[in-house]
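Listing of start.cif; format and content: mmCIF, C-alpha atoms and all ligand atoms.
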```cif
data_input
#
loop_
_atom_site.label_atom_id
_atom_site.label_comp_id
_atom_site.auth_asym_id
_atom_site.auth_seq_id
_atom_site.Cartn_x
_atom_site.Cartn_y
_atom_site.Cartn_z
CA MET O 1 -63.72 77.18 58.21
CA GLU O 2 -63.30 73.88 60.02
CA ILE O 3 -60.33 73.40 62.37
CA ILE O 4 -59.05 69.89 63.16
CA TYR O 5 -56.37 69.42 65.81
CA LEU O 6 -54.20 66.36 65.18
CA ASP O 7 -52.03 64.78 67.80
CA PHE O 8 -49.56 62.02 66.95
CA PRO O 9 -50.25 59.05 66.90
CA PHE O 10 -53.40 60.05 65.09
CA ASP O 11 -56.90 59.07 65.86
CA HIS O 12 -58.21 57.60 62.58
CA GLY O 13 -61.64 59.22 62.90
CA ALA O 14 -60.14 62.69 63.17
CA LEU O 15 -57.78 61.95 60.33
CA SER O 16 -60.54 61.43 57.79
CA GLY O 17 -61.58 65.14 57.71
CA GLY O 18 -64.43 64.24 55.32
CA ASP O 19 -64.45 62.32 52.08
CA ARG O 20 -63.86 65.15 49.62
CA GLY O 21 -60.49 65.44 47.98
CA LYS O 22 -58.37 68.29 49.26
CA VAL O 23 -55.81 70.73 47.94
CA ILE O 24 -53.56 71.54 50.86
CA ALA O 25 -50.93 74.19 51.59
CA ILE O 26 -48.41 72.90 54.13
CA GLY O 27 -46.16 75.05 56.30
CA TYR O 28 -45.61 76.76 59.61
CA PHE O 29 -46.72 80.09 58.06
CA ASP O 30 -45.67 82.43 60.89
CA GLY O 31 -46.88 85.88 59.95
CA VAL O 32 -49.02 84.70 57.01
CA HIS O 33 -46.88 87.09 54.95
CA LEU O 34 -46.98 87.80 51.20
CA GLY O 35 -44.97 84.65 50.38
CA HIS O 36 -47.25 82.46 52.51
CA ARG O 37 -50.28 84.08 50.93
CA LYS O 38 -49.04 83.04 47.48
CA VAL O 39 -48.81 79.40 48.64
CA ILE O 40 -52.19 79.39 50.41
CA GLY O 41 -53.81 81.44 47.63
CA LEU O 42 -52.80 78.82 45.08
CA ALA O 43 -54.37 76.07 47.22
CA VAL O 44 -57.63 78.05 47.46
CA GLU O 45 -57.61 78.77 43.72
CA ARG O 46 -56.87 75.21 42.63
CA ALA O 47 -59.41 73.75 45.06
CA ALA O 48 -62.13 76.03 43.71
CA ALA O 49 -61.27 75.14 40.10
CA ALA O 50 -61.39 71.38 40.84
CA GLY O 51 -64.40 71.39 43.18
CA ARG O 52 -62.22 70.25 46.06
CA LEU O 53 -61.78 71.50 49.62
CA SER O 54 -59.01 74.02 50.25
CA ALA O 55 -56.96 73.12 53.29
CA VAL O 56 -53.93 74.28 55.26
CA MET O 57 -51.73 72.07 57.39
CA THR O 58 -49.80 73.95 60.03
CA PHE O 59 -47.80 72.93 63.08
CA HIS O 60 -47.97 74.04 66.67
CA PRO O 61 -45.87 74.99 68.55
CA HIS O 62 -42.92 76.08 66.44
CA PRO O 63 -40.64 73.13 65.53
CA LYS O 64 -37.57 75.16 66.50
CA GLU O 65 -39.04 75.86 69.92
CA VAL O 66 -39.73 72.14 70.54
CA LEU O 67 -36.35 71.03 69.26
CA GLY O 68 -34.59 73.69 71.31
CA GLN O 69 -33.03 75.63 68.45
CA GLY O 70 -33.82 79.10 69.60
CA GLY O 71 -35.74 80.77 72.38
CA GLN O 72 -36.94 83.53 70.07
CA TYR O 73 -39.45 81.06 68.60
CA ALA O 74 -41.41 81.21 71.86
CA THR O 75 -42.90 84.35 70.33
CA SER O 76 -44.73 84.57 67.01
CA LEU O 77 -45.66 87.16 64.42
CA THR O 78 -49.05 85.46 64.39
CA PRO O 79 -49.82 83.35 67.48
CA LEU O 80 -52.12 80.43 66.59
CA ASP O 81 -55.48 82.26 66.96
CA GLU O 82 -54.26 85.14 64.83
CA LYS O 83 -52.91 82.73 62.22
CA LEU O 84 -56.25 80.89 62.05
CA ARG O 85 -58.11 84.20 61.60
CA ARG O 86 -55.77 85.05 58.72
CA PHE O 87 -56.36 81.65 57.04
CA GLN O 88 -60.10 82.19 57.30
CA LYS O 89 -59.80 85.59 55.58
CA LEU O 90 -57.98 83.87 52.71
CA GLY O 91 -61.00 81.63 52.10
CA VAL O 92 -59.54 78.37 53.45
CA ASP O 93 -62.18 75.63 54.11
CA LEU O 94 -60.27 73.40 56.50
CA VAL O 95 -57.20 73.71 58.73
CA TYR O 96 -55.24 70.84 60.27
CA VAL O 97 -53.26 72.02 63.28
CA VAL O 98 -50.71 69.28 63.85
CA ARG O 99 -49.29 69.20 67.35
CA PHE O 100 -45.56 69.39 66.88
CA ASP O 101 -43.86 67.35 69.56
CA ARG O 102 -40.85 65.03 69.66
CA ALA O 103 -42.94 62.04 68.53
CA PHE O 104 -44.15 63.92 65.46
CA ALA O 105 -40.67 65.28 64.81
CA ALA O 106 -39.35 61.69 64.67
CA LEU O 107 -41.78 60.63 61.91
CA SER O 108 -39.98 59.49 58.76
CA PRO O 109 -40.67 61.37 55.50
CA GLU O 110 -42.28 58.15 54.14
CA SER O 111 -44.61 57.90 57.11
CA PHE O 112 -45.56 61.59 56.86
CA VAL O 113 -46.71 61.02 53.29
CA GLN O 114 -48.26 57.54 53.69
CA ASP O 115 -49.77 57.76 57.15
CA MET O 116 -50.84 61.37 57.04
CA LEU O 117 -51.25 62.92 53.63
CA PHE O 118 -52.69 59.84 51.93
CA ARG O 119 -55.06 59.11 54.80
CA LEU O 120 -56.31 62.68 54.86
CA ARG O 121 -57.35 62.28 51.22
CA ILE O 122 -55.02 65.00 50.03
CA GLU O 123 -54.97 65.12 46.24
CA GLU O 124 -52.69 68.09 45.73
CA ALA O 125 -50.14 69.63 48.09
CA ILE O 126 -48.51 73.05 47.73
CA VAL O 127 -45.34 73.90 49.63
CA GLY O 128 -42.73 76.62 49.56
CA PHE O 129 -39.23 75.98 48.16
CA ASP O 130 -37.74 75.75 51.68
CA PHE O 131 -40.32 73.37 53.18
CA SER O 132 -38.79 70.57 55.24
CA PHE O 133 -40.51 67.67 56.93
CA GLY O 134 -39.92 64.38 58.69
CA SER O 135 -37.21 63.30 61.08
CA ARG O 136 -34.37 65.89 61.37
CA GLY O 137 -36.03 67.91 58.63
CA ALA O 138 -34.67 65.42 56.10
CA GLY O 139 -37.64 65.78 53.76
CA THR O 140 -37.29 68.31 50.93
CA PRO O 141 -39.98 69.44 48.49
CA GLU O 142 -38.36 67.16 45.85
CA LEU O 143 -38.56 64.14 48.18
CA LEU O 144 -42.17 64.99 48.98
CA ALA O 145 -43.01 65.02 45.25
CA ARG O 146 -41.23 61.68 44.73
CA LEU O 147 -42.92 59.92 47.68
CA ALA O 148 -46.32 61.33 46.79
CA ALA O 149 -46.35 60.43 43.08
CA PRO O 150 -48.47 59.41 41.29
CA SER O 151 -51.54 59.73 43.51
CA LEU O 152 -50.71 63.09 45.07
CA GLU O 153 -49.56 66.01 42.98
CA VAL O 154 -47.03 68.39 44.60
CA HIS O 155 -46.48 72.02 43.56
CA VAL O 156 -43.41 73.83 44.85
CA MET O 157 -43.56 77.65 44.97
CA GLY O 158 -40.35 79.58 44.42
CA PRO O 159 -39.27 82.37 46.79
CA LEU O 160 -41.06 85.70 46.57
CA GLU O 161 -38.57 88.57 46.32
CA LEU O 162 -39.23 92.10 47.54
CA ASP O 163 -36.97 95.09 48.32
CA GLY O 164 -33.85 93.15 47.41
CA GLY O 165 -34.44 89.94 49.33
CA LYS O 166 -36.68 86.99 50.04
CA VAL O 167 -39.91 87.63 51.91
CA SER O 168 -39.49 85.61 55.10
CA SER O 169 -40.68 85.49 58.70
CA SER O 170 -37.13 85.98 59.98
CA ARG O 171 -36.70 89.11 57.86
CA ILE O 172 -39.93 90.49 59.33
CA ARG O 173 -38.72 89.67 62.87
CA ALA O 174 -35.45 91.47 62.13
CA ALA O 175 -37.33 94.52 60.81
CA LEU O 176 -39.51 94.65 63.96
CA GLU O 177 -36.44 94.36 66.15
CA GLN O 178 -35.14 97.54 64.47
CA GLY O 179 -38.51 99.26 64.85
CA ASP O 180 -38.85 99.23 61.06
CA VAL O 181 -42.59 98.59 61.02
CA GLY O 182 -42.77 100.08 57.50
CA GLN O 183 -40.58 97.28 56.17
CA ALA O 184 -42.55 94.71 58.20
CA GLU O 185 -45.73 96.07 56.61
CA ARG O 186 -44.34 95.75 53.08
CA LEU O 187 -43.28 92.13 53.65
CA LEU O 188 -46.52 91.20 55.42
CA GLY O 189 -48.71 92.98 52.88
CA ARG O 190 -50.54 94.54 55.85
CA PRO O 191 -49.48 96.44 58.96
CA TYR O 192 -47.97 94.41 61.81
CA HIS O 193 -50.85 93.62 64.12
CA ILE O 194 -51.29 92.72 67.78
CA SER O 195 -54.65 91.95 69.36
CA GLY O 196 -55.37 91.99 73.06
CA THR O 197 -57.46 93.25 75.96
CA VAL O 198 -57.34 96.59 77.77
CA VAL O 199 -56.21 96.14 81.37
CA HIS O 200 -55.56 98.51 84.27
CA GLY O 201 -52.18 100.23 84.33
CA GLU O 202 -50.74 102.39 87.05
CA GLY O 203 -53.47 105.03 86.77
CA ARG O 204 -50.95 107.78 85.97
CA GLY O 205 -51.92 108.49 82.35
CA ARG O 206 -55.05 110.53 83.12
CA THR O 207 -53.22 112.61 85.73
CA ILE O 208 -50.64 113.71 83.15
CA GLY O 209 -53.24 114.53 80.49
CA PHE O 210 -52.62 111.46 78.32
CA PRO O 211 -54.80 108.51 79.31
CA THR O 212 -53.32 105.38 77.78
CA ALA O 213 -55.12 102.09 77.18
CA ASN O 214 -52.76 99.35 78.43
CA VAL O 215 -53.04 96.44 76.03
CA GLN O 216 -52.37 92.93 77.25
CA PRO O 217 -51.62 90.88 74.10
CA ASP O 218 -53.74 87.77 73.49
CA GLY O 219 -50.76 85.57 72.84
CA ALA O 220 -46.98 85.52 72.71
CA TYR O 221 -46.55 88.09 69.94
CA VAL O 222 -43.14 89.33 68.84
CA LEU O 223 -42.89 92.85 70.28
CA PRO O 224 -41.37 95.51 68.07
CA ARG O 225 -38.37 97.52 69.33
CA LEU O 226 -39.11 99.55 72.47
CA GLY O 227 -40.20 103.04 71.52
CA VAL O 228 -43.01 105.27 70.32
CA TYR O 229 -45.19 104.44 67.30
CA ALA O 230 -48.04 105.86 65.23
CA VAL O 231 -50.72 103.17 65.27
CA THR O 232 -54.38 102.54 64.56
CA VAL O 233 -56.39 101.10 67.44
CA HIS O 234 -59.51 99.13 66.56
CA ALA O 235 -61.70 99.49 69.64
CA ALA O 236 -65.39 99.72 70.52
CA GLY O 237 -66.41 99.12 66.88
CA ALA O 238 -64.28 101.93 65.40
CA ALA O 239 -60.72 102.60 64.24
CA TYR O 240 -58.89 105.36 66.12
CA PRO O 241 -55.59 106.95 65.14
CA ALA O 242 -53.33 106.77 68.18
CA VAL O 243 -49.82 107.21 69.56
CA MET O 244 -48.37 104.24 71.39
CA ASN O 245 -45.45 103.54 73.68
CA VAL O 246 -43.99 100.04 73.74
CA GLY O 247 -41.81 100.28 76.77
CA VAL O 248 -40.62 99.84 80.30
CA LYS O 249 -41.17 103.49 81.39
CA PRO O 250 -37.61 104.25 82.58
CA THR O 251 -38.75 107.67 83.82
CA PHE O 252 -40.75 105.92 86.56
CA HIS O 253 -39.14 102.51 86.87
CA GLU O 254 -35.45 102.40 87.71
CA ASN O 255 -35.18 98.64 87.81
CA GLY O 256 -37.05 97.78 84.65
CA MET O 257 -40.31 95.92 84.15
CA ASP O 258 -41.90 93.75 81.46
CA PRO O 259 -42.55 95.88 78.37
CA LYS O 260 -46.05 97.36 78.23
CA LEU O 261 -48.10 98.46 75.23
CA GLU O 262 -49.89 101.73 75.94
CA ALA O 263 -51.93 103.71 73.44
CA HIS O 264 -53.40 107.18 73.67
CA LEU O 265 -56.33 107.30 71.24
CA PHE O 266 -57.14 110.54 69.44
CA GLY O 267 -60.79 111.56 69.60
CA TYR O 268 -61.80 108.91 72.13
CA GLU O 269 -63.37 109.60 75.50
CA GLY O 270 -64.76 106.82 77.62
CA ASP O 271 -63.84 103.61 79.31
CA LEU O 272 -62.04 100.79 77.50
CA TYR O 273 -61.21 98.52 80.46
CA GLY O 274 -61.93 94.91 79.52
CA SER O 275 -62.45 95.72 75.80
CA ARG O 276 -60.88 93.67 73.07
CA VAL O 277 -58.70 95.84 70.87
CA ALA O 278 -56.40 95.39 67.91
CA LEU O 279 -53.34 97.46 67.06
CA ASP O 280 -51.90 98.15 63.62
CA PHE O 281 -48.34 99.54 63.66
CA HIS O 282 -47.68 102.21 61.01
CA ALA O 283 -44.51 104.12 61.89
CA PHE O 284 -41.72 104.26 64.46
CA LEU O 285 -41.29 107.75 65.92
CA ARG O 286 -38.43 107.50 68.44
CA PRO O 287 -36.79 105.19 71.00
CA GLU O 288 -38.07 105.25 74.57
CA ARG O 289 -35.97 107.30 77.01
CA LYS O 290 -35.64 108.30 80.63
CA PHE O 291 -36.72 111.88 81.26
CA GLY O 292 -35.40 114.07 84.08
CA SER O 293 -38.89 115.20 85.04
CA VAL O 294 -42.53 114.34 84.42
CA SER O 295 -43.13 117.69 82.73
CA GLU O 296 -40.38 116.99 80.16
CA LEU O 297 -41.98 113.59 79.46
CA VAL O 298 -45.41 115.19 79.07
CA GLU O 299 -44.06 117.82 76.66
CA GLN O 300 -42.43 115.07 74.59
CA ILE O 301 -45.63 112.97 74.56
CA GLY O 302 -47.42 116.09 73.26
CA ARG O 303 -44.91 116.33 70.39
CA ASP O 304 -45.19 112.58 69.72
CA ALA O 305 -48.97 112.90 69.55
CA ALA O 306 -48.72 115.76 67.02
CA THR O 307 -46.23 113.82 64.87
CA ALA O 308 -48.39 110.69 64.94
CA GLN O 309 -51.52 112.63 64.04
CA GLU O 310 -49.81 114.31 61.13
CA LEU O 311 -48.39 111.04 59.82
CA LEU O 312 -51.69 109.20 60.12
CA ASN O 313 -53.62 112.03 58.44
CA LYS O 314 -51.26 111.83 55.49
CA THR O 315 -51.67 108.08 55.01
CA GLU O 316 -55.47 108.01 55.35
C1 LIG O 401 -46.62 108.53 73.26
C2 LIG O 401 -46.00 108.08 74.56
C3 LIG O 401 -44.63 108.13 74.71
C4 LIG O 401 -44.03 107.73 75.89
N1 LIG O 401 -42.67 107.80 76.02
C5 LIG O 401 -42.08 107.47 77.20
C6 LIG O 401 -40.65 107.58 77.37
O1 LIG O 401 -39.91 107.93 76.45
N2 LIG O 401 -40.14 107.26 78.57
C7 LIG O 401 -40.92 106.85 79.62
O2 LIG O 401 -40.39 106.61 80.69
N3 LIG O 401 -42.26 106.69 79.48
C8 LIG O 401 -42.86 106.99 78.30
N4 LIG O 401 -44.23 106.85 78.15
C9 LIG O 401 -44.99 106.13 79.17
C10 LIG O 401 -45.60 107.02 80.20
O3 LIG O 401 -44.66 107.08 81.23
C11 LIG O 401 -46.89 106.34 80.68
O4 LIG O 401 -47.85 106.41 79.67
C12 LIG O 401 -47.41 106.95 81.93
O5 LIG O 401 -46.51 106.65 82.94
C13 LIG O 401 -48.81 106.38 82.29
O6 LIG O 401 -48.75 105.02 82.63
P1 LIG O 401 -50.07 104.25 83.09
O7 LIG O 401 -51.03 104.21 81.95
O8 LIG O 401 -49.63 102.88 83.47
O9 LIG O 401 -50.62 105.01 84.23
C14 LIG O 401 -44.84 107.24 76.96
C15 LIG O 401 -46.23 107.16 76.78
C16 LIG O 401 -46.81 107.57 75.61
C17 LIG O 401 -48.30 107.48 75.45
N1 LIG O 402 -58.29 108.86 74.53
C1 LIG O 402 -58.06 107.79 75.31
N2 LIG O 402 -57.03 106.95 75.01
C2 LIG O 402 -56.79 105.89 75.81
N3 LIG O 402 -57.52 105.56 76.89
C3 LIG O 402 -58.55 106.36 77.22
C4 LIG O 402 -58.85 107.52 76.46
N4 LIG O 402 -59.91 108.13 77.02
C5 LIG O 402 -60.25 107.40 78.08
N5 LIG O 402 -59.47 106.32 78.22
C6 LIG O 402 -59.61 105.33 79.31
O1 LIG O 402 -58.61 105.62 80.28
C7 LIG O 402 -57.81 104.48 80.58
C8 LIG O 402 -56.38 104.86 80.76
O2 LIG O 402 -56.19 105.81 81.78
P1 LIG O 402 -54.86 105.82 82.63
O3 LIG O 402 -54.95 106.90 83.64
O4 LIG O 402 -53.69 105.82 81.70
O5 LIG O 402 -55.04 104.50 83.44
P2 LIG O 402 -54.27 103.09 83.41
O6 LIG O 402 -53.01 103.36 84.08
O7 LIG O 402 -55.20 102.18 84.11
O8 LIG O 402 -54.09 102.71 81.97
C9 LIG O 402 -57.99 103.57 79.39
O9 LIG O 402 -57.84 102.19 79.71
C10 LIG O 402 -59.40 103.88 78.91
O10 LIG O 402 -60.33 103.07 79.60
#
```
Show me this structure written as structure tokens.
Ligand SMILES: Cc1cc2nc3c(=O)[nH]c(=O)nc-3n(C[C@H](O)[C@H](O)[C@H](O)COP(=O)(O)O)c2cc1C
Ligand SMILES: Nc1ncnc2c1ncn2[C@@H]1O[C@H](COP(=O)(O)OP(=O)(O)O)[C@@H](O)[C@H]1O
Amino acid sequence: MEIIYLDFPFDHGALSGGDRGKVIAIGYFDGVHLGHRKVIGLAVERAAAAGRLSAVMTFHPHPKEVLGQGGQYATSLTPLDEKLRRFQKLGVDLVYVVRFDRAFAALSPESFVQDMLFRLRIEEAIVGFDFSFGSRGAGTPELLARLAAPSLEVHVMGPLELDGGKVSSSRIRAALEQGDVGQAERLLGRPYHISGTVVHGEGRGRTIGFPTANVQPDGAYVLPRLGVYAVTVHAAGAAYPAVMNVGVKPTFHENGMDPKLEAHLFGYEGDLYGSRVALDFHAFLRPERKFGSVSELVEQIGRDAATAQELLNKTE
């Protein structure tokens, strides 16, 4: 998969992206959820049928973050690297990552179509029903189709419905905020996933009988609700069932701290410091709490571990 970073105003060389015609899916695609996969899947399918390149155009950072419409967009379900890995798995040939800044945001819908899509040799574009583009988000899918005709064909995908609502990134964020990783998994079509590196913690885990790998996320991922989860940890070339705390350890830290991700892996013995790991969230077990003593905490972690093991055995 080729990745081309575009910065406005565009460098003409970079804009060419090769001479072959392209079928492109356009969107921010945070989460690369089931709805996004329908849009991207159609681009891959149609490109293969027509002997064209399949492409995705995405934007970075989040338009709402740049335009100051919400601090929560500083975090993502799929930070850029994760998103690119997901596109690759879907069989995409080429990705344009368009730097979203105020200059790009001010581009007129006409200019977006003429100066970008036409120049990139896009022959077909696929967008979701709620796609917006150009200055103040004035461009709708209908306007895109009108401006692009007749040389560029536009397909608009309707919303994908599941569990009584539209599949959307904001619905997945809301589910994670509640700790409902099961719902997030249904909407994503895969478990919610965070990748990162194992770093040193406070060295307490081993002394209480539960060593925990402290995972420093690779990017600004949305963190699920603070609490205890049954997870799978992909580490050292294998997948381990594990119990994880996403929390601020109130038992030890009166004044709070940044939330940490800590996983105790079942059936693992060894050293993970510096390893790259990936976490898949399967189930929320309980909220984090402050315990009156370390022994009460340790007893509870023992029960959490048993619950997680039982749950994970069932789903395997
Ligand atoms: C399954 C599990 C559940 C936990 N639950 C809590 C909790 O409810 N409250 C809390 O203060 N700490 C909780 N912890 C965090 C422990 O306090 C932490 O793992 C321990 O202090 C070791 O930290 P360290 O790895 O930085 O040394 C939990 C840890 C695990 C693995
Ligand atoms: N089963 C296991 N689960 C998690 N980490 C383990 C396990 N066995 C050994 N380890 C190692 O122990 C470290 C965690 O020990 P801990 O005492 O909690 O230290 P720290 O506070 O540095 O995380 C992990 O980073 C990993 O290298």
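When all atoms listed in the file are used to measure the gap to Phe133 in chain O, the shortest distance among O:Tyr240, O:Tyr96, O:Tyr28, O:Phe87 belongs to O:Tyr28.
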Pick out the residues sitting within 9 Å of Ala305 in chain O, and hand them over as JSON, numbers by chain; count all atoms listed in the file, and ignore anything fewer than 6 positions along from it in its own chain.
{"O": [230, 242, 243, 244, 264, 266]}
Please extract the residues at most 7 Å from ligand LIG 402 (chain O), counting all atoms listed in the file, and provide them as an MDAnalysis selection string, using the chain letters and residue numbers of this document.
chainID O and resid 198:207 210:214 263:273
Please determine, counting all atoms listed in the file, which residue among O:Ala283, O:Val32, O:Val233, O:Leu223 has the shortest atom-to-atom distance to Asp258 in chain O.
O:Leu223
d(CA of Leu312 in chain O, CA of His282 in chain O) in Å
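If I compute the distance from CA of Leu312 in chain O to CA of His282 in chain O, I get 8.1 Å.
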Counting all atoms listed in the file, the option among O:Ala306, O:Ile122, O:Met1, O:Ile194 closest to Glu82 in chain O:
O:Ile194
For Ala174 in chain O, the closest of O:Leu152, O:Leu90, O:Leu187, O:Val39 counting all atoms listed in the file is O:Leu187
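The shell of residues at most 12 Å from Gln114 in chain O, with only C-alpha atoms counted and near chain neighbours (fewer than 4 positions) removed, consists of Leu107, Ser108, Pro109, Glu110, Phe118, Arg119, Leu120, Arg121, Ile122, Gly134, Leu144, Leu147, Ala148, Ala149, Ser151 and Leu152 of chain O.
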Output requested as a PDB file, in the frame of the given file - range 277-289 of chain O, filled out with N, CA and C atoms.
```
ATOM      1  N   VAL O 277     -59.188  94.842  71.830  1.00  0.00           N
ATOM      2  CA  VAL O 277     -58.700  95.840  70.870  1.00  0.00           C
ATOM      3  C   VAL O 277     -57.670  95.190  69.945  1.00  0.00           C
ATOM      4  N   ALA O 278     -57.442  95.855  68.825  1.00  0.00           N
ATOM      5  CA  ALA O 278     -56.400  95.390  67.910  1.00  0.00           C
ATOM      6  C   ALA O 278     -55.571  96.590  67.503  1.00  0.00           C
ATOM      7  N   LEU O 279     -54.270  96.372  67.391  1.00  0.00           N
ATOM      8  CA  LEU O 279     -53.340  97.460  67.060  1.00  0.00           C
ATOM      9  C   LEU O 279     -52.689  97.197  65.718  1.00  0.00           C
ATOM     10  N   ASP O 280     -52.666  98.219  64.869  1.00  0.00           N
ATOM     11  CA  ASP O 280     -51.900  98.150  63.620  1.00  0.00           C
ATOM     12  C   ASP O 280     -50.752  99.144  63.728  1.00  0.00           C
ATOM     13  N   PHE O 281     -49.520  98.673  63.556  1.00  0.00           N
ATOM     14  CA  PHE O 281     -48.340  99.540  63.660  1.00  0.00           C
ATOM     15  C   PHE O 281     -48.031 100.176  62.313  1.00  0.00           C
ATOM     16  N   HIS O 282     -47.946 101.520  62.284  1.00  0.00           N
ATOM     17  CA  HIS O 282     -47.680 102.210  61.010  1.00  0.00           C
ATOM     18  C   HIS O 282     -46.296 102.830  60.912  1.00  0.00           C
ATOM     19  N   ALA O 283     -45.812 103.438  61.996  1.00  0.00           N
ATOM     20  CA  ALA O 283     -44.510 104.120  61.890  1.00  0.00           C
ATOM     21  C   ALA O 283     -43.836 104.214  63.259  1.00  0.00           C
ATOM     22  N   PHE O 284     -42.520 104.110  63.244  1.00  0.00           N
ATOM     23  CA  PHE O 284     -41.720 104.260  64.460  1.00  0.00           C
ATOM     24  C   PHE O 284     -41.356 105.743  64.587  1.00  0.00           C
ATOM     25  N   LEU O 285     -41.584 106.325  65.760  1.00  0.00           N
ATOM     26  CA  LEU O 285     -41.290 107.750  65.920  1.00  0.00           C
ATOM     27  C   LEU O 285     -39.962 108.013  66.633  1.00  0.00           C
ATOM     28  N   ARG O 286     -39.697 107.282  67.699  1.00  0.00           N
ATOM     29  CA  ARG O 286     -38.430 107.500  68.440  1.00  0.00           C
ATOM     30  C   ARG O 286     -38.246 106.369  69.443  1.00  0.00           C
ATOM     31  N   PRO O 287     -37.005 106.188  69.933  1.00  0.00           N
ATOM     32  CA  PRO O 287     -36.790 105.190  71.000  1.00  0.00           C
ATOM     33  C   PRO O 287     -37.347 105.721  72.327  1.00  0.00           C
ATOM     34  N   GLU O 288     -37.632 104.836  73.236  1.00  0.00           N
ATOM     35  CA  GLU O 288     -38.070 105.250  74.570  1.00  0.00           C
ATOM     36  C   GLU O 288     -36.860 105.807  75.324  1.00  0.00           C
ATOM     37  N   ARG O 289     -37.087 106.807  76.205  1.00  0.00           N
ATOM     38  CA  ARG O 289     -35.970 107.300  77.010  1.00  0.00           C
ATOM     39  C   ARG O 289     -36.396 107.670  78.425  1.00  0.00           C
TER      40      ARG O 289
END
```
